[in-house]
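Pasting model_20.txt here (compact mmCIF, C-alpha atoms and all ligand atoms):
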# COMPACT_ATOMS: atom_id res chain seq x y z
CA MET V 1 -1.52 -1.32 -17.75
CA HIS V 2 -4.36 -3.77 -17.35
CA ILE V 3 -7.51 -2.09 -16.06
CA SER V 4 -10.41 -3.91 -14.36
CA VAL V 5 -13.49 -1.90 -13.42
CA PHE V 6 -15.98 -3.24 -10.87
CA ASP V 7 -19.55 -2.03 -10.16
CA HIS V 8 -18.80 -1.44 -6.49
CA GLU V 9 -15.97 -1.80 -4.01
CA GLY V 10 -17.35 -5.06 -2.60
CA ALA V 11 -16.99 -6.73 -6.00
CA LEU V 12 -13.48 -5.32 -6.34
CA ALA V 13 -12.53 -6.59 -2.88
CA ALA V 14 -13.92 -10.07 -3.61
CA ALA V 15 -12.05 -10.35 -6.92
CA LEU V 16 -8.79 -9.21 -5.38
CA ALA V 17 -9.20 -11.50 -2.35
CA THR V 18 -9.65 -14.44 -4.72
CA ARG V 19 -6.59 -13.38 -6.70
CA VAL V 20 -4.36 -13.13 -3.62
CA ALA V 21 -5.72 -16.31 -2.01
CA ASP V 22 -5.07 -18.21 -5.26
CA LEU V 23 -1.52 -16.84 -5.34
CA VAL V 24 -0.79 -17.91 -1.76
CA ALA V 25 -2.33 -21.34 -2.39
CA ALA V 26 -0.16 -21.82 -5.50
CA ARG V 27 3.01 -20.32 -4.01
CA PRO V 28 2.96 -20.52 -0.18
CA ALA V 29 6.25 -18.57 0.18
CA THR V 30 4.85 -15.52 -1.63
CA VAL V 31 6.26 -12.11 -0.68
CA LEU V 32 3.48 -9.49 -0.52
CA GLY V 33 3.82 -5.72 -0.46
CA LEU V 34 0.89 -4.14 1.37
CA PRO V 35 -0.75 -0.73 1.83
CA THR V 36 -2.80 0.65 4.69
CA GLY V 37 -5.60 3.21 4.25
CA ARG V 38 -9.33 3.04 3.74
CA THR V 39 -9.27 1.57 0.25
CA PRO V 40 -7.91 -1.90 1.12
CA LEU V 41 -10.17 -2.41 4.16
CA PRO V 42 -12.97 -4.32 2.33
CA PHE V 43 -10.29 -6.39 0.59
CA TYR V 44 -8.58 -7.31 3.86
CA GLU V 45 -11.95 -8.31 5.33
CA GLN V 46 -12.77 -10.50 2.35
CA LEU V 47 -9.27 -12.01 2.31
CA VAL V 48 -9.59 -13.02 5.96
CA ALA V 49 -13.04 -14.54 5.32
CA LEU V 50 -11.95 -16.36 2.18
CA SER V 51 -8.78 -17.60 3.82
CA ARG V 52 -10.76 -19.05 6.73
CA ALA V 53 -13.28 -20.65 4.39
CA ARG V 54 -10.49 -22.30 2.40
CA GLY V 55 -8.23 -23.09 5.38
CA LEU V 56 -5.38 -21.29 3.63
CA ASP V 57 -1.90 -21.66 5.12
CA TRP V 58 -0.11 -18.31 5.62
CA SER V 59 2.85 -19.66 7.56
CA GLU V 60 5.38 -19.18 4.74
CA VAL V 61 4.16 -15.83 3.42
CA ARG V 62 6.32 -12.76 3.98
CA THR V 63 4.88 -9.26 4.02
CA PHE V 64 6.37 -5.77 3.65
CA ASN V 65 4.31 -2.65 4.23
CA LEU V 66 4.83 0.54 2.29
CA ASP V 67 5.14 3.08 5.04
CA GLU V 68 5.00 4.07 8.70
CA PHE V 69 4.77 7.29 10.69
CA VAL V 70 7.93 8.58 12.31
CA GLY V 71 7.73 8.23 16.07
CA LEU V 72 5.11 5.45 16.07
CA GLY V 73 5.52 1.73 16.60
CA ALA V 74 3.40 -1.40 16.95
CA GLY V 75 2.06 -0.33 20.33
CA ASP V 76 0.71 3.00 19.09
CA PRO V 77 -2.96 3.11 18.05
CA GLY V 78 -2.32 5.38 15.03
CA SER V 79 0.57 3.34 13.66
CA TYR V 80 0.25 1.50 10.39
CA ARG V 81 1.82 -1.53 12.06
CA ARG V 82 -1.06 -1.65 14.52
CA PHE V 83 -3.55 -1.18 11.66
CA MET V 84 -2.12 -4.19 9.87
CA GLU V 85 -1.90 -6.34 13.01
CA GLU V 86 -5.58 -5.78 13.77
CA ARG V 87 -6.98 -6.11 10.26
CA LEU V 88 -4.79 -8.73 8.65
CA PHE V 89 -1.82 -10.21 10.48
CA ALA V 90 -3.57 -11.38 13.65
CA PRO V 91 -6.73 -12.63 11.86
CA LEU V 92 -4.61 -14.63 9.37
CA GLY V 93 -2.14 -15.85 12.00
CA ILE V 94 0.79 -14.08 10.29
CA ALA V 95 3.55 -14.11 12.93
CA PRO V 96 5.86 -11.15 13.65
CA GLY V 97 8.79 -13.02 12.08
CA GLN V 98 6.95 -13.01 8.74
CA VAL V 99 6.28 -9.27 8.83
CA GLY V 100 8.58 -6.60 7.43
CA PHE V 101 7.84 -3.08 8.60
CA LEU V 102 9.60 0.25 8.64
CA ASP V 103 10.29 1.14 12.26
CA GLY V 104 9.09 4.70 12.86
CA ARG V 105 10.86 4.71 16.22
CA ALA V 106 14.30 3.77 14.91
CA GLY V 107 17.07 5.97 16.29
CA ASP V 108 18.73 6.39 12.89
CA LEU V 109 15.98 6.80 10.31
CA GLU V 110 18.31 6.79 7.30
CA ALA V 111 19.85 3.51 8.47
CA GLU V 112 16.34 2.12 9.01
CA CYS V 113 15.43 2.89 5.38
CA ALA V 114 18.57 1.10 4.16
CA ARG V 115 17.86 -1.86 6.48
CA TYR V 116 14.36 -2.16 5.03
CA GLU V 117 15.50 -2.28 1.42
CA ALA V 118 18.09 -4.91 2.35
CA ALA V 119 15.41 -6.97 4.14
CA ILE V 120 13.19 -6.92 1.04
CA ALA V 121 16.12 -7.99 -1.12
CA ALA V 122 17.04 -10.76 1.34
CA ALA V 123 13.47 -12.07 1.13
CA GLY V 124 13.92 -12.39 -2.62
CA GLY V 125 12.03 -9.20 -3.55
CA ILE V 126 8.32 -8.52 -3.58
CA ASP V 127 6.22 -10.85 -5.75
CA LEU V 128 3.01 -8.82 -5.61
CA GLN V 129 2.86 -5.21 -4.47
CA LEU V 130 -0.61 -3.85 -3.68
CA LEU V 131 -1.01 -0.08 -3.70
CA GLY V 132 -3.58 2.56 -2.90
CA ILE V 133 -3.37 6.04 -4.41
CA GLY V 134 -3.78 9.44 -2.80
CA ALA V 135 -6.20 11.96 -4.30
CA ASN V 136 -3.06 13.99 -5.08
CA GLY V 137 -1.48 11.05 -6.93
CA HIS V 138 0.81 9.93 -4.12
CA ILE V 139 1.92 6.33 -3.73
CA GLY V 140 3.00 5.18 -0.30
CA PHE V 141 4.10 8.53 1.08
CA ASN V 142 5.82 9.58 -2.14
CA GLU V 143 4.31 13.03 -2.32
CA PRO V 144 3.94 15.20 -5.43
CA GLY V 145 6.70 17.79 -5.78
CA ASP V 146 9.59 19.06 -7.85
CA HIS V 147 11.53 15.89 -7.30
CA LEU V 148 11.03 12.35 -6.08
CA GLU V 149 13.42 10.47 -3.86
CA ALA V 150 13.74 7.07 -5.47
CA PRO V 151 15.02 4.96 -2.53
CA THR V 152 13.15 4.31 0.71
CA HIS V 153 13.34 7.56 2.63
CA VAL V 154 12.12 9.95 5.31
CA VAL V 155 9.21 12.15 4.15
CA THR V 156 7.76 15.38 5.45
CA LEU V 157 4.04 14.96 4.93
CA LEU V 158 1.97 17.48 3.00
CA ALA V 159 -0.92 19.08 4.86
CA ARG V 160 -3.38 17.26 2.60
CA SER V 161 -1.90 13.87 3.40
CA ARG V 162 -1.85 14.60 7.12
CA ALA V 163 -5.53 15.62 6.91
CA ALA V 164 -6.39 12.41 5.05
CA ASN V 165 -4.81 10.42 7.89
CA ALA V 166 -6.56 12.23 10.74
CA LEU V 167 -9.24 9.55 10.80
CA TRP V 168 -6.68 7.08 12.20
CA PHE V 169 -6.04 9.53 15.06
CA GLY V 170 -9.60 10.09 16.25
CA GLY V 171 -10.07 12.89 13.73
CA GLU V 172 -7.44 15.02 15.49
CA LEU V 173 -5.12 16.54 12.91
CA ALA V 174 -2.69 17.71 15.59
CA ARG V 175 -1.98 14.09 16.54
CA VAL V 176 -0.96 13.06 13.00
CA PRO V 177 2.85 12.91 12.85
CA GLY V 178 4.53 15.36 10.48
CA GLN V 179 6.97 12.82 9.09
CA ALA V 180 6.87 9.28 7.80
CA LEU V 181 9.12 6.61 6.34
CA SER V 182 8.14 5.38 2.91
CA MET V 183 9.32 2.90 0.35
CA GLY V 184 10.52 4.97 -2.60
CA MET V 185 9.28 4.57 -6.15
CA ALA V 186 12.45 2.66 -7.09
CA ALA V 187 11.77 0.06 -4.39
CA ILE V 188 8.11 -0.15 -5.42
CA LEU V 189 8.96 -0.55 -9.10
CA ARG V 190 11.32 -3.46 -8.29
CA SER V 191 8.25 -5.57 -7.36
CA ARG V 192 7.56 -8.31 -9.87
CA GLU V 193 3.88 -7.41 -10.16
CA ILE V 194 1.82 -4.42 -8.98
CA ILE V 195 -1.92 -4.03 -8.41
CA LEU V 196 -3.18 -0.54 -7.68
CA LEU V 197 -6.59 -0.20 -6.00
CA ALA V 198 -8.73 2.91 -6.19
CA THR V 199 -12.33 3.49 -5.19
CA GLY V 200 -14.52 6.57 -5.10
CA ALA V 201 -14.92 9.68 -7.24
CA GLU V 202 -12.27 11.58 -5.26
CA LYS V 203 -9.63 9.29 -6.81
CA ALA V 204 -10.82 9.66 -10.43
CA GLU V 205 -8.53 12.58 -11.30
CA ALA V 206 -5.45 10.94 -9.79
CA VAL V 207 -6.21 7.69 -11.59
CA GLN V 208 -6.59 9.51 -14.90
CA ALA V 209 -3.31 11.40 -14.38
CA ALA V 210 -1.51 8.20 -13.37
CA VAL V 211 -2.72 6.21 -16.36
CA ARG V 212 -3.09 8.76 -19.15
CA GLY V 213 -0.92 11.66 -18.04
CA PRO V 214 2.79 12.30 -18.62
CA LEU V 215 5.46 10.87 -16.31
CA THR V 216 5.89 13.58 -13.72
CA THR V 217 7.03 13.97 -10.14
CA ARG V 218 3.80 16.00 -9.73
CA VAL V 219 1.96 12.65 -9.96
CA PRO V 220 4.17 10.00 -8.36
CA ALA V 221 1.72 7.28 -9.49
CA SER V 222 2.51 8.16 -13.13
CA PHE V 223 5.83 6.31 -12.67
CA LEU V 224 3.86 3.07 -12.56
CA GLN V 225 3.68 3.43 -16.36
CA LEU V 226 7.33 2.31 -16.38
CA HIS V 227 6.48 -1.11 -14.91
CA PRO V 228 5.70 -4.02 -17.24
CA ARG V 229 3.12 -5.74 -14.99
CA VAL V 230 0.72 -3.26 -13.46
CA SER V 231 -3.01 -3.88 -13.03
CA LEU V 232 -5.56 -1.37 -11.80
CA PHE V 233 -8.56 -2.58 -9.81
CA LEU V 234 -11.05 0.31 -9.88
CA ASP V 235 -14.64 0.86 -8.94
CA ALA V 236 -16.82 2.67 -11.48
CA GLU V 237 -16.40 6.04 -9.76
CA ALA V 238 -12.60 5.91 -9.68
CA ALA V 239 -12.62 4.91 -13.35
CA GLU V 240 -15.05 7.60 -14.49
CA ARG V 241 -12.42 9.83 -16.13
CA LEU V 242 -10.76 7.06 -18.11
CA GLY V 243 -13.53 7.20 -20.74
C1 LIG K 1 -0.82 3.81 2.88
C2 LIG K 1 -0.41 4.34 1.59
C3 LIG K 1 -1.10 5.53 1.00
C4 LIG K 1 -2.57 5.24 0.69
C5 LIG K 1 -3.24 6.43 0.04
C6 LIG K 1 -4.72 6.22 -0.16
O1 LIG K 1 -0.01 2.74 3.26
O2 LIG K 1 0.48 3.82 1.00
O3 LIG K 1 -0.44 5.93 -0.17
O4 LIG K 1 -2.65 4.14 -0.17
O5 LIG K 1 -3.06 7.57 0.84
O6 LIG K 1 -5.33 6.14 1.09
P1 LIG K 1 -6.85 5.72 1.24
O7 LIG K 1 -6.94 4.31 0.82
O8 LIG K 1 -7.15 5.91 2.71
O9 LIG K 1 -7.64 6.64 0.37
Let me see whether you can do it: turn the structure in this file into structure tokens.
Amino acid sequence: MHISVFDHEGALAAALATRVADLVAARPATVLGLPTGRTPLPFYEQLVALSRARGLDWSEVRTFNLDEFVGLGAGDPGSYRRFMEERLFAPLGIAPGQVGFLDGRAGDLEAECARYEAAIAAAGGIDLQLLGIGANGHIGFNEPGDHLEAPTHVVTLLARSRAANALWFGGELARVPGQALSMGMAAILRSREIILLATGAEKAEAVQAAVRGPLTTRVPASFLQLHPRVSLFLDAEAAERLG
């Protein structure tokens, strides 16, 4: 794994925005895998600003997001689709036809997971997958446990993950759905390149376990050790236990 440590999250966001903008400029039909969450917010802001400054063309880019809540769709304020529309897709002019998303309101959730994997394959696979990491070592909504489901699947969320998402629902835990759809680790590991972002001291333990610990379903991020092209973009706090 290649590890880059930045003094603060603004510097991390700027470096990553430059990296992604350069990629899109060099390869306009890039397929990006994207996370939601707090961690990528400064990066998305900087990417929008940099893209505008450079006049970057996003019309051929395809995107696939990692996960979505069951029961929520683009119109719902707490949905990840809405999050992405507001922060990235609309500001960059990325049209709905370019966007791949798990549909949390699909009638047959298993079929929806299979459809999503097929859509990624039909797009040629993901060139660059960006990831956040949960304080418990989760990736997407692949939660720690006795086993991991490798394909894209339906997840019952752990209390800790629901609590971490309450901020997208006005701080009301009761409004956070109990289930989600998530790309599985197998789908994530099929990406040609992966960059994991982590900021803040509350991620330091998970980062250490992911990078230095054994492969274990107790730390889903540890499976990233199996991938040949993984980079970590960390701020100093998230990196503090790497020594
Ligand atoms: C969201 C996702 C999650 C987050 C993780 C960290 O699409 O995949 O795994 O990356 O929960 O969330 P933040 O960045 O809010 O700390």
Notebook entry, point to check: Which is closer to His147 (chain V) than all the others in V:Ala163, V:Val219, V:Leu109, V:Ala206, using all atoms listed in the file?
Noted result: V:Val219
Check: In Å, how far is it from CA of Phe101 (chain V) to CA of Ala13 (chain V)?
Finding: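 Computing the Euclidean distance for CA of Phe101 (chain V) and CA of Ala13 (chain V) yields 23.6 Å.
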Check: Pick from V:Ala201, V:Ala135, V:Leu72, V:Met185: nearest to ligand LIG 1 (chain K), with only C-alpha atoms and all ligand atoms counted?
Finding: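 Ranked by minimum distance to ligand LIG 1 (chain K), first place goes to V:Ala135.
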Next item on the list: Could you give me the residues within 8 Å of ligand LIG 1 (chain K), counting only C-alpha atoms and all ligand atoms, as a PyMOL selection string?
Entry: chain V and resi 34-40+65-68+80+131-135+138-142+161+164-165+198-199+203
Notebook entry, point to check: Which residues, written as number ranges by chain, have at least one atom at most 12 Å from region 238-242 of chain V, with all atoms listed in the file counted and residues fewer than 3 positions away on the same chain left out?
Noted result: V: 3-9, 12, 39, 132-135, 196-213, 232-235
Next item on the list: Write out as a list in words each polymer residue whose atoms come within 9 Å of region 45-56 of chain V, counting all atoms listed in the file; drop sequence neighbours fewer than 4 positions from it.
Entry: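 My reading of the contact set: Gly10, Ala13, Ala14, Leu16, Ala17, Thr18, Val20, Ala21, Val24, Ala25, Pro40, Leu41, Arg87, Leu88, Pro91 and Leu92 of chain V.
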Notebook entry, point to check: Using all atoms listed in the file, which of the listed residues (V:Ser59, V:Asn136, V:Thr30, V:Gln129) sits closest to Ser222 (chain V)?
Noted result: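 Closest candidate: V:Asn136.
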Taking all atoms of region 95-107 of chain V that the file lists, what box with edges along x, y and z, padded by 4 Å per side, do you get, with centre and edge lengths in Å to one decimal, as AutoDock Vina command-line options?
--center_x 10.3 --center_y -4.1 --center_z 11.9 --size_x 21.5 --size_y 28.1 --size_z 16.9
Note to self: Using only C-alpha atoms for the distances, tell me which of V:Gln225, V:Thr152, V:Ser79, V:Thr63 is nearest to Leu167 (chain V).
What the structure shows: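 Of the candidates, the smallest distance to Leu167 (chain V) is held by V:Ser79.
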Anything within 9 Å of (0.8, 19.0, -11.7): list those residues as a short mmCIF file (atom, residue, chain, number, x, y, z; two decimals) with C-alpha atoms, keeping the file's coordinate frame, counting all atoms listed in the file and sticking to the file's coordinates.
data_model
loop_
_atom_site.label_atom_id
_atom_site.label_comp_id
_atom_site.auth_asym_id
_atom_site.auth_seq_id
_atom_site.Cartn_x
_atom_site.Cartn_y
_atom_site.Cartn_z
CA PRO V 144 3.94 15.20 -5.43
CA GLY V 145 6.70 17.79 -5.78
CA THR V 216 5.89 13.58 -13.72
CA THR V 217 7.03 13.97 -10.14
CA ARG V 218 3.80 16.00 -9.73
CA VAL V 219 1.96 12.65 -9.96
#
Margin query: Using only C-alpha atoms for the distances, tell me which of V:Leu226, V:Val70, V:Ala236, V:Ala106 is nearest to Pro177 (chain V).
Written below: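 Looking at the shortest contact to Pro177 (chain V), the residue is V:Val70.
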Notebook entry, point to check: What is the distance, in Å and to one decimal place, between CA of Pro96 (chain V) and CA of Leu157 (chain V)?
Noted result: 27.6 Å
Check: So how far away is CA of His227 (chain V) from CA of Val61 (chain V), in Å?
Finding: 23.6 Å
Note to self: Residues within 9 Å of Val176 (chain V), please, as an MDAnalysis selection string. Count all atoms listed in the file; anything in the same chain fewer than 6 positions from it doesn't count.
What the structure shows: chainID V and resid 69 78 162:163 165:166 168:169
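Between Gly124 (chain V) and the residues V:Ala174, V:Val31, V:Ala11, V:Leu23, the shortest atom-to-atom distance, using all atoms listed in the file, involves V:Val31.
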Next item on the list: May I have the residues within 8 Å of Cys113 (chain V) as an NGL selection string, using only C-alpha atoms and disregarding those fewer than 5 positions away in the same chain?
Entry: :V and (102 or 152-154 or 181 or 183)
